[in-house]
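Colleague: Quick one: structure below, then a few questions.
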Amino acid sequence: MTLAIAVALLTGVGTFLIVRGGAVRLILGFILLGHAANLIIIAAGGTFRREAPLVDGGAVLDTMADPLPQAFVLTAIVITFGVTVYLLSLVARTAKQASKVDSRDEASGEAHDD
Amino acid sequence: MTDVSFLSTWALPVVFIGPLTAAVITFVLGARWASRLIGLLVPVMVFVIAVLLVLATIDGQVVVSQIAGWPGGVSIAFVGDLFSALMLGATAVLVFTSLVFAYAAGLGMDRWFVPAVSIMTAGVYGAYITGDLFNLFVMVEVALLPSYILMSRSGTLTALRSARLYLIVNLTASTLFLAGLGLVYGVTGTVNIAALAGLGVLPVVGIATGVIMIALMLKAALVPAHSWLPATYPYTSPAVTALFSGLLTKIGAYAIVRIIAVIYEPGQLITVIVIVVCVLSMIVGVLGALGEGTIRGTLTFQMVSGMGYILVGVVLAGAVGMAAVVFYLIHHMIVMTSLFLTGGTVEHEEGTGIIRRLGGLARAHPVASFAFMLGALSLVGLPPFSGFWAKLGVLTAAVDAGAAIVVVVVLVVSVGTLISMLKLGTGVFWGASKGERKDEQTPSDVTVVSVGAGATGTAIDVAAAVEAPPVTRWRPLLVIPGLALALLSLAIGIFPEWLLSLTQTAGESLADPTAYVTAVLGGDS
């Protein structure tokens, strides 16, 4: 239940931030949405089973944690991280480029429509 | 049964590992002729493997590579059936031709270009052979990350803005995909496509997989999730648009076909959904194409329309419909890339893709004009081009299934496609030449591109290359790739039997995925 509420909150706030517009809010929104997706995967493994999944260590199927969702989430976190970094640099680059175009337009007195 | 052990032991993994290795090598080498050569050799290698794979799977057999020798169901398998093999082969051809065009357009001078393309193609090839939904997600990401770089590489404001939109759309789709994966794993305990076979009849699995389907729909640019495509694809360099058109949205299409074929059963709600989405895509795409004022804008809307044609057969008349899907998919990849390459030639030679600034180019560029005519006729679906057989296949499936609405829409939309391609053809190649209407100068986004150009340091400036005289060393190389693909479409249209029989086998094994499932789950390594 805690996880379900967390997912709902993260998705809600994330969507809200994305829809509100603005580069920083957008990126934060996507980070939250990514967390929501990761929590869904963790929840899919079943959080009631907490034993380490070491068969040699005497773990039994009923109580040992499912290791696969954790591997999924680890992969997903790395990918989301990489994409987020690229998105950040893209946003920064766009802002820089836009201000360059703006200042050049002001200097030459031209209007631009984009 | 032919001996396919070499395929499963090394050839299938090499399809993915080969391009990745090439990316590392070409990145270390830098922008030299050697790395450009390696860039071209990789699709040749993949094509050879694809041909071998076609030969091995021609009787409906399925080649499975259980990675690291884990038993079936546990391993993350690479699976090659005839559908995958055909997709690999067609993709390799498109990558090769697009690379030749890109080199001719001067993109090979960018040290990031060949490595980025190599990694992207690795992801695409990987997506075609993976047998696992999570692996599919990873492969799609592998293909997308370099595509973000390629999209924004020119560094102009327009390119950066469209890259930002492109990234945001794909990030949304990926997040949805991931959430869907979590749900599928939660309700079934597996993400192996073969292990999920037929489970779509259970409402929980059907809905969980449906979340993934929505993500794939966004990636394939189907209506109502299409509007990002015309807003991004036309604003990068022509070579990159051509490359993307044959590769990226087609991963979405491939995955949708595979998932519906294996996981869902026909006759569910999904039939209605697919038909509605595809019919809308056909109509909206062609209407959008009619309203566009640039070459690549028109063509991207034709991609949306084509996606409807490709996928509608998935739910029609079992094997006949599936065969139509495979044939249409391959035809559409070839023709769309051909048209983008020919259009790109015009943009490079004339410095703009805005139709009203072009005209009467048939005399100056007779070969490009000819290639465009071939491609356009094939896209419309006239005999003797591959498009005729593709549309005939879809129509046959629709008639067999008794889906009158699909028949009507396919025929009516074809007329719309004809009008939009005529508009493009007369505007660019056959109508009045631009000298006669040079006075109408209108501000447009291309003007903005030229303002943003030149501001970048080391990045090669594609928009500048489009505006300024082309950086081409040997100009025939610009037009040959597009022409070659158009002629390939003509050749398929004249001699369709071999591809028709291949797609029929592929369609049969898609309609009855038992062999696929047994091979993946119970197959020996």
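Within each chain, counting starts at residue 1; across the structure tokens, chains are named A, B, ... in the order shown, with ligands numbered 1 upward in that order.
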Contacts of Ala76 in chain A at 9 Å or less, counting only C-alpha atoms, minus same-chain residues fewer than 6 places along, as a PyMOL selection string?

Modeller: (chain A and resi 34+38) or (chain B and resi 138+178)

Colleague: Grab the residues selected above and save them as a PDB file, in the first residue's frame with N, CA and C atoms.

Modeller:
```
ATOM      1  N   GLY A  34      10.207   8.778 -13.552  1.00  0.00           N
ATOM      2  CA  GLY A  34      11.122   7.638 -13.611  1.00  0.00           C
ATOM      3  C   GLY A  34      11.133   6.866 -12.305  1.00  0.00           C
ATOM      4  N   ASN A  38      10.137   2.982 -11.511  1.00  0.00           N
ATOM      5  CA  ASN A  38      11.032   2.071 -10.798  1.00  0.00           C
ATOM      6  C   ASN A  38      10.339   1.428  -9.603  1.00  0.00           C
TER       7      ASN A  38
ATOM      8  N   VAL B 138      15.735  -2.104 -23.359  1.00  0.00           N
ATOM      9  CA  VAL B 138      17.142  -1.699 -23.365  1.00  0.00           C
ATOM     10  C   VAL B 138      17.610  -1.425 -24.795  1.00  0.00           C
ATOM     11  N   LEU B 178       8.536   1.328 -19.224  1.00  0.00           N
ATOM     12  CA  LEU B 178       9.107   0.771 -17.999  1.00  0.00           C
ATOM     13  C   LEU B 178       8.005   0.428 -17.006  1.00  0.00           C
TER      14      LEU B 178
END
```

Colleague: Identify all residues of range 21-91 of chain A in helix (DSSP H, G or I) (DSSP on the backbone) and supply them as an MDAnalysis selection string.

Modeller: chainID A and resid 23:44 67:91

Colleague: Sorted by chain and rising residue number, which residues of chain B lie within 7 Å of chain A, and what are their closest atom pairs and distances in Å to one decimal, counting only C-alpha atoms, as a Markdown table?

Modeller:
```
| residue | atom | partner | partner_atom | distance |
| --- | --- | --- | --- | --- |
| B:Leu157 | CA | A:Gln97 | CA | 6.0 |
| B:Leu160 | CA | A:Thr94 | CA | 5.8 |
| B:Arg161 | CA | A:Thr94 | CA | 6.7 |
| B:Arg164 | CA | A:Leu90 | CA | 6.6 |
| B:Thr175 | CA | A:Gly34 | CA | 6.0 |
| B:Leu178 | CA | A:Ala37 | CA | 5.9 |
| B:Ala179 | CA | A:Ala37 | CA | 4.5 |
| B:Gly182 | CA | A:Ile41 | CA | 4.0 |
| B:Leu183 | CA | A:Ala44 | CA | 6.5 |
| B:Tyr185 | CA | A:Ala44 | CA | 6.0 |
| B:Gly186 | CA | A:Ala44 | CA | 3.8 |
| B:Val451 | CA | A:Val101 | CA | 6.9 |
| B:Gly452 | CA | A:Val101 | CA | 6.3 |
```

Colleague: Take the residues just selected and output them with C-alpha atoms as a PDB file, in the first residue's frame.

Modeller:
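Heads up, here's the output in out30.pdb:
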```pdb
ATOM      1  CA  LEU B 157      18.640  26.518 -32.539  1.00  0.00           C
ATOM      2  CA  LEU B 160      18.299  21.809 -30.658  1.00  0.00           C
ATOM      3  CA  ARG B 161      14.644  22.664 -30.131  1.00  0.00           C
ATOM      4  CA  ARG B 164      14.576  18.593 -27.118  1.00  0.00           C
ATOM      5  CA  THR B 175       8.896   5.779 -18.810  1.00  0.00           C
ATOM      6  CA  LEU B 178       9.107   0.771 -17.999  1.00  0.00           C
ATOM      7  CA  ALA B 179       5.944   1.106 -15.949  1.00  0.00           C
ATOM      8  CA  GLY B 182       6.741  -3.563 -14.058  1.00  0.00           C
ATOM      9  CA  LEU B 183       3.044  -4.321 -14.374  1.00  0.00           C
ATOM     10  CA  TYR B 185       6.230  -8.724 -14.404  1.00  0.00           C
ATOM     11  CA  GLY B 186       3.972  -8.133 -11.446  1.00  0.00           C
ATOM     12  CA  VAL B 451      20.651  32.809 -38.174  1.00  0.00           C
ATOM     13  CA  GLY B 452      21.623  30.134 -35.691  1.00  0.00           C
TER      14      GLY B 452
END
```

Colleague: So that I can see what lies close to Met217 in chain B, please list as a list in words the residues with an atom at most 9 Å from it, counting only C-alpha atoms and leaving out residues fewer than 3 positions away in the same chain.

Modeller: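 Listing them by chain and then by number gives Ala173, Ile212, Met213, Ile214, Ala220, Ala221, Leu222, Val223, Pro224, Ala225, His226, Gly252, Ala253 and Ile256 of chain B.
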
Colleague: Expressed in Å to a single decimal, how great is the separation between CA of Ile193 in chain B and CA of Glu141 in chain B?

Modeller: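 So the answer is 18.3 Å.
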
Colleague: Show which residues sit within 6 Å of Gly313 in chain B, as a PyMOL selection string. Count only C-alpha atoms, and ignore same-chain residues fewer than 3 positions away.

Modeller: chain B and resi 316+321-322+325

Colleague: Those residues with C-alpha atoms, as a tab-separated table (two decimals), in the first residue's frame please?

Modeller:
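Okay, out33.tsv is ready:
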```tsv
chain	number	residue	atom	x	y	z
B	316	LEU	CA	-6.97	-9.06	-40.13
B	321	GLY	CA	-2.94	-10.26	-42.71
B	322	MET	CA	0.39	-10.93	-41.02
B	325	VAL	CA	2.11	-6.57	-42.56
```

Colleague: Of the candidates B:Ile334, B:Ala116, B:Val276, B:Val204, which shows the shortest atom-to-atom distance to Gly89 in chain B, using only C-alpha atoms?

Modeller: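 Selected residue with least distance to Gly89 in chain B: B:Ile334.
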
Colleague: Counting only C-alpha atoms, which residue out of A:Arg49, A:Ser103, A:Gly29, A:Val24 sits closest to Gly12 in chain A?

Modeller: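 Of A:Arg49, A:Ser103, A:Gly29, A:Val24, the one nearest Gly12 in chain A, counting only C-alpha atoms, is A:Gly29.
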
Colleague: In Å, with one decimal, what is the gap from CA of Thr121 in chain B to CA of Tyr254 in chain B?

Modeller: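 Going from CA of Thr121 in chain B over to CA of Tyr254 in chain B, I get 14.7 Å.
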
Colleague: When you draw a straight line from CA of Gln61 in chain B to CA of Gly80 in chain B, how long is it in Å?

Modeller: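 Going from CA of Gln61 in chain B over to CA of Gly80 in chain B, I get 9.0 Å.
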